[in-house]
>>> print(open('target38.txt').read())   # compact mmCIF, C-alpha atoms
# COMPACT_ATOMS: atom_id res chain seq x y z
CA MET A 9 50.29 -179.58 82.18
CA SER A 10 52.49 -176.54 81.64
CA VAL A 11 54.63 -175.01 84.38
CA ARG A 12 52.27 -172.04 84.48
CA GLU A 13 49.42 -174.42 85.40
CA MET A 14 51.40 -176.32 88.01
CA ASP A 15 50.44 -176.19 91.63
CA ALA A 16 52.95 -174.83 94.13
CA VAL A 17 53.88 -178.22 95.60
CA GLN A 18 54.61 -179.66 92.16
CA LEU A 19 56.60 -176.56 91.18
CA LEU A 20 58.76 -176.70 94.32
CA THR A 21 59.35 -180.44 93.99
CA ILE A 22 60.48 -180.07 90.37
CA GLN A 23 62.78 -177.24 91.42
CA HIS A 24 64.24 -179.42 94.18
CA ARG A 25 65.22 -182.09 91.65
CA ALA A 26 66.66 -179.50 89.23
CA LEU A 27 68.75 -177.91 91.98
CA GLU A 28 69.97 -181.31 93.16
CA ARG A 29 71.04 -182.19 89.59
CA LEU A 30 72.85 -178.88 89.24
CA LEU A 31 74.65 -179.31 92.57
CA GLN A 32 75.64 -182.85 91.57
CA GLU A 33 77.00 -181.56 88.28
CA ALA A 34 79.02 -178.95 90.18
CA ALA A 35 80.27 -181.62 92.61
CA GLU A 36 81.58 -183.69 89.70
CA GLU A 37 83.18 -180.75 87.85
CA GLN A 38 86.99 -180.75 87.96
CA ASP A 39 87.66 -177.40 86.29
CA ALA A 40 87.60 -174.63 88.93
CA LYS A 41 86.17 -171.94 86.63
CA GLN A 42 83.46 -174.22 85.30
CA LYS A 43 82.63 -175.35 88.84
CA GLN A 44 82.31 -171.73 89.95
CA MET A 45 79.93 -171.02 87.06
CA LEU A 46 77.79 -173.99 88.10
CA VAL A 47 77.83 -172.91 91.76
CA ASN A 48 76.84 -169.38 90.74
CA ARG A 49 73.94 -170.75 88.71
CA ALA A 50 72.91 -173.01 91.59
CA GLY A 51 73.14 -170.03 93.94
CA ASP A 52 70.82 -168.01 91.72
CA GLU A 53 68.32 -170.86 91.50
CA LEU A 54 68.53 -171.51 95.24
CA MET A 55 67.89 -167.88 96.19
CA VAL A 56 64.96 -167.54 93.77
CA HIS A 57 63.48 -170.75 95.18
CA LEU A 58 64.03 -169.85 98.85
CA THR A 59 62.73 -166.31 98.43
CA SER A 60 59.51 -167.41 96.73
CA GLU A 61 58.96 -169.96 99.50
CA GLU A 62 59.54 -167.38 102.23
CA LYS A 63 57.51 -164.57 100.70
CA ILE A 64 54.65 -166.48 99.05
CA PHE A 65 54.42 -170.20 99.85
CA TYR A 66 55.11 -170.27 103.59
CA PRO A 67 52.80 -167.36 104.47
CA ALA A 68 50.03 -168.94 102.37
CA VAL A 69 50.32 -172.38 103.94
CA ARG A 70 50.85 -171.17 107.50
CA ALA A 71 47.13 -171.24 108.12
CA ALA A 72 47.08 -174.93 107.16
CA ARG A 73 48.46 -175.99 110.58
CA THR A 74 52.07 -176.15 109.40
CA GLU A 75 53.75 -173.56 111.63
CA ASP A 76 56.14 -175.99 113.35
CA ILE A 77 57.42 -177.29 110.02
CA LEU A 78 57.65 -173.78 108.57
CA LEU A 79 59.73 -172.44 111.45
CA GLU A 80 62.21 -175.30 111.02
CA SER A 81 62.28 -174.71 107.26
CA LEU A 82 63.07 -171.03 107.76
CA GLU A 83 66.04 -171.96 109.97
CA GLU A 84 67.23 -174.35 107.26
CA HIS A 85 66.91 -171.53 104.71
CA LEU A 86 69.09 -169.34 106.93
CA SER A 87 71.74 -172.03 107.09
CA LEU A 88 71.67 -172.46 103.30
CA LYS A 89 71.99 -168.71 102.76
CA ARG A 90 74.95 -168.51 105.13
CA LEU A 91 76.70 -171.38 103.38
CA LEU A 92 75.98 -169.88 99.97
CA ALA A 93 77.24 -166.44 101.01
CA ASP A 94 80.44 -168.00 102.40
CA LEU A 95 80.92 -170.13 99.30
CA LEU A 96 80.44 -167.22 96.89
CA ALA A 97 83.09 -165.24 98.77
CA LEU A 98 85.66 -168.02 98.38
CA ASP A 99 87.99 -168.75 95.49
CA PRO A 100 87.24 -172.26 94.16
CA ASN A 101 90.91 -173.15 94.71
CA GLU A 102 90.82 -172.43 98.46
CA THR A 103 91.01 -175.52 100.66
CA THR A 104 87.71 -174.75 102.43
CA TYR A 105 85.75 -174.41 99.17
CA GLU A 106 85.06 -178.10 98.55
CA PRO A 107 84.05 -178.95 102.14
CA LYS A 108 81.75 -175.92 102.28
CA PHE A 109 80.22 -176.82 98.92
CA LYS A 110 79.65 -180.40 100.09
CA VAL A 111 77.84 -179.17 103.22
CA LEU A 112 75.67 -176.83 101.12
CA LYS A 113 74.74 -179.71 98.81
CA GLU A 114 73.95 -182.05 101.71
CA GLN A 115 71.89 -179.45 103.58
CA ALA A 116 69.91 -178.57 100.45
CA GLU A 117 69.10 -182.25 99.89
CA HIS A 118 68.11 -182.66 103.55
CA HIS A 119 65.88 -179.58 103.39
CA HIS A 120 64.19 -180.89 100.24
CA ARG A 121 63.50 -184.26 101.89
CA GLU A 122 62.06 -182.58 104.99
CA GLU A 123 59.67 -180.45 102.94
CA GLU A 124 58.63 -183.30 100.67
CA GLU A 125 58.06 -185.78 103.50
CA HIS A 126 56.42 -183.49 106.06
CA LEU A 127 55.26 -180.14 104.69
CA PHE A 128 54.10 -180.88 101.14
CA PRO A 129 51.78 -183.80 102.02
CA LYS A 130 50.13 -181.68 104.70
CA VAL A 131 49.69 -178.76 102.30
CA THR A 132 48.27 -181.08 99.63
CA ARG A 133 45.72 -182.45 102.11
CA LEU A 134 44.70 -179.12 103.62
CA MET A 135 44.83 -176.66 100.71
CA PRO A 136 42.43 -176.94 97.76
CA GLU A 137 43.99 -177.62 94.37
CA ASP A 138 42.86 -174.31 92.86
CA GLN A 139 44.62 -172.42 95.66
CA ARG A 140 47.80 -174.45 95.12
CA HIS A 141 47.65 -173.62 91.40
CA ALA A 142 47.20 -169.90 92.11
CA LEU A 143 50.09 -170.05 94.55
CA GLY A 144 52.29 -171.82 92.01
CA LYS A 145 51.52 -169.17 89.41
CA GLU A 146 52.31 -166.35 91.84
CA MET A 147 55.57 -168.00 92.90
CA LEU A 148 56.68 -168.61 89.33
CA GLU A 149 55.97 -164.97 88.42
CA MET A 150 58.13 -163.80 91.33
CA GLN A 151 60.89 -166.23 90.40
CA VAL A 152 60.94 -165.03 86.79
CA GLU A 153 61.17 -161.40 87.93
CA MET A 154 64.02 -162.20 90.32
CA ALA A 155 65.91 -164.07 87.62
CA LYS A 156 65.42 -161.16 85.17
CA ALA A 157 66.81 -158.73 87.76
CA GLY A 158 70.06 -160.72 87.65
CA LYS A 159 72.31 -162.53 90.10
CA PRO A 160 69.86 -163.34 92.91
CA ARG A 161 72.71 -165.22 94.64
CA GLU A 162 74.21 -161.87 95.60
CA ASP A 163 71.27 -161.30 97.97
CA ALA A 164 72.35 -164.24 100.14
CA SER A 165 74.97 -162.28 102.08
CA ASP A 166 72.33 -159.68 103.06
CA GLN A 167 70.06 -162.38 104.51
CA THR A 168 72.39 -164.19 106.91
CA GLY A 169 71.61 -162.38 110.18
CA ALA A 170 68.46 -164.25 111.16
CA ALA A 171 65.85 -166.53 109.69
CA ALA A 172 63.18 -164.83 107.61
CA PRO A 173 60.06 -164.05 109.64
CA LEU A 174 57.04 -166.27 109.24
CA GLU A 175 54.50 -163.68 108.17
>>> encode(input="target38.txt", output="structure tokens")
Amino acid sequence: MSVREMDAVQLLTIQHRALERLLQEAAEEQDAKQKQMLVNRAGDELMVHLTSEEKIFYPAVRAARTEDILLESLEEHLSLKRLLADLLALDPNETTYEPKFKVLKEQAEHHHREEEEHLFPKVTRLMPEDQRHALGKEMLEMQVEMAKAGKPREDASDQTGAAAPLE
């Protein structure tokens, strides 16, 4: 199955693992410039992922009796965006950089677990496979466009005031 044929739950789960690997690679990096490059890349991937969830996935699955989970997820997104915005504004040599990065990594992993244990099984049960495939395709198209536009991580600082609305 190609990525273009993947349903939304599969797409998001694969992206969770990829982001976790990238954050782990950044955590292990000793060179400050290389670490910053990895964090920037992770920030881009995180913002593309979060935005497609907020604008496409969450609104589509809201009708599937998931509102409580979605509202918590949106608050977790806000926390991740705030941490990312703070981290991107810091020099990697500042003393608060590593602790802030560690919290971002831990919160991302926690958020992934929450979605995979609570939201995704519910969506898989309640949403037909063809709808999940159409949703995955729409999300991937948005993600590709955001990545082409360049540096999605820079949008994080503009999205730290409040959680995205559940539309």
>>> atom_distance(input="target38.txt", atom1="atom CA of Glu83 of chain A", atom2="atom CA of Gly51 of chain A")
17.6 Å
>>> atom_distance(input="target38.txt", atom1="atom CA of Met45 of chain A", atom2="atom CA of Glu62 of chain A")
25.7 Å
>>> residues_near_point(input="target38.txt", point="(66.1, -179.0, 94.1)", cutoff="12 Å", atoms="only C-alpha atoms", output="NGL selection string")
:A and (18-32 or 50-51 or 53-58 or 113-121 or 123-124)
>>> atom_distance(input="target38.txt", atom1="atom CA of Arg140 of chain A", atom2="atom CA of Thr74 of chain A")
15.0 Å
>>> closest_residue(input="target38.txt", among="A:Asn101, A:Pro67, A:Asp94, A:Leu148", to="Asp39 of chain A", atoms="only C-alpha atoms")
A:Asn101
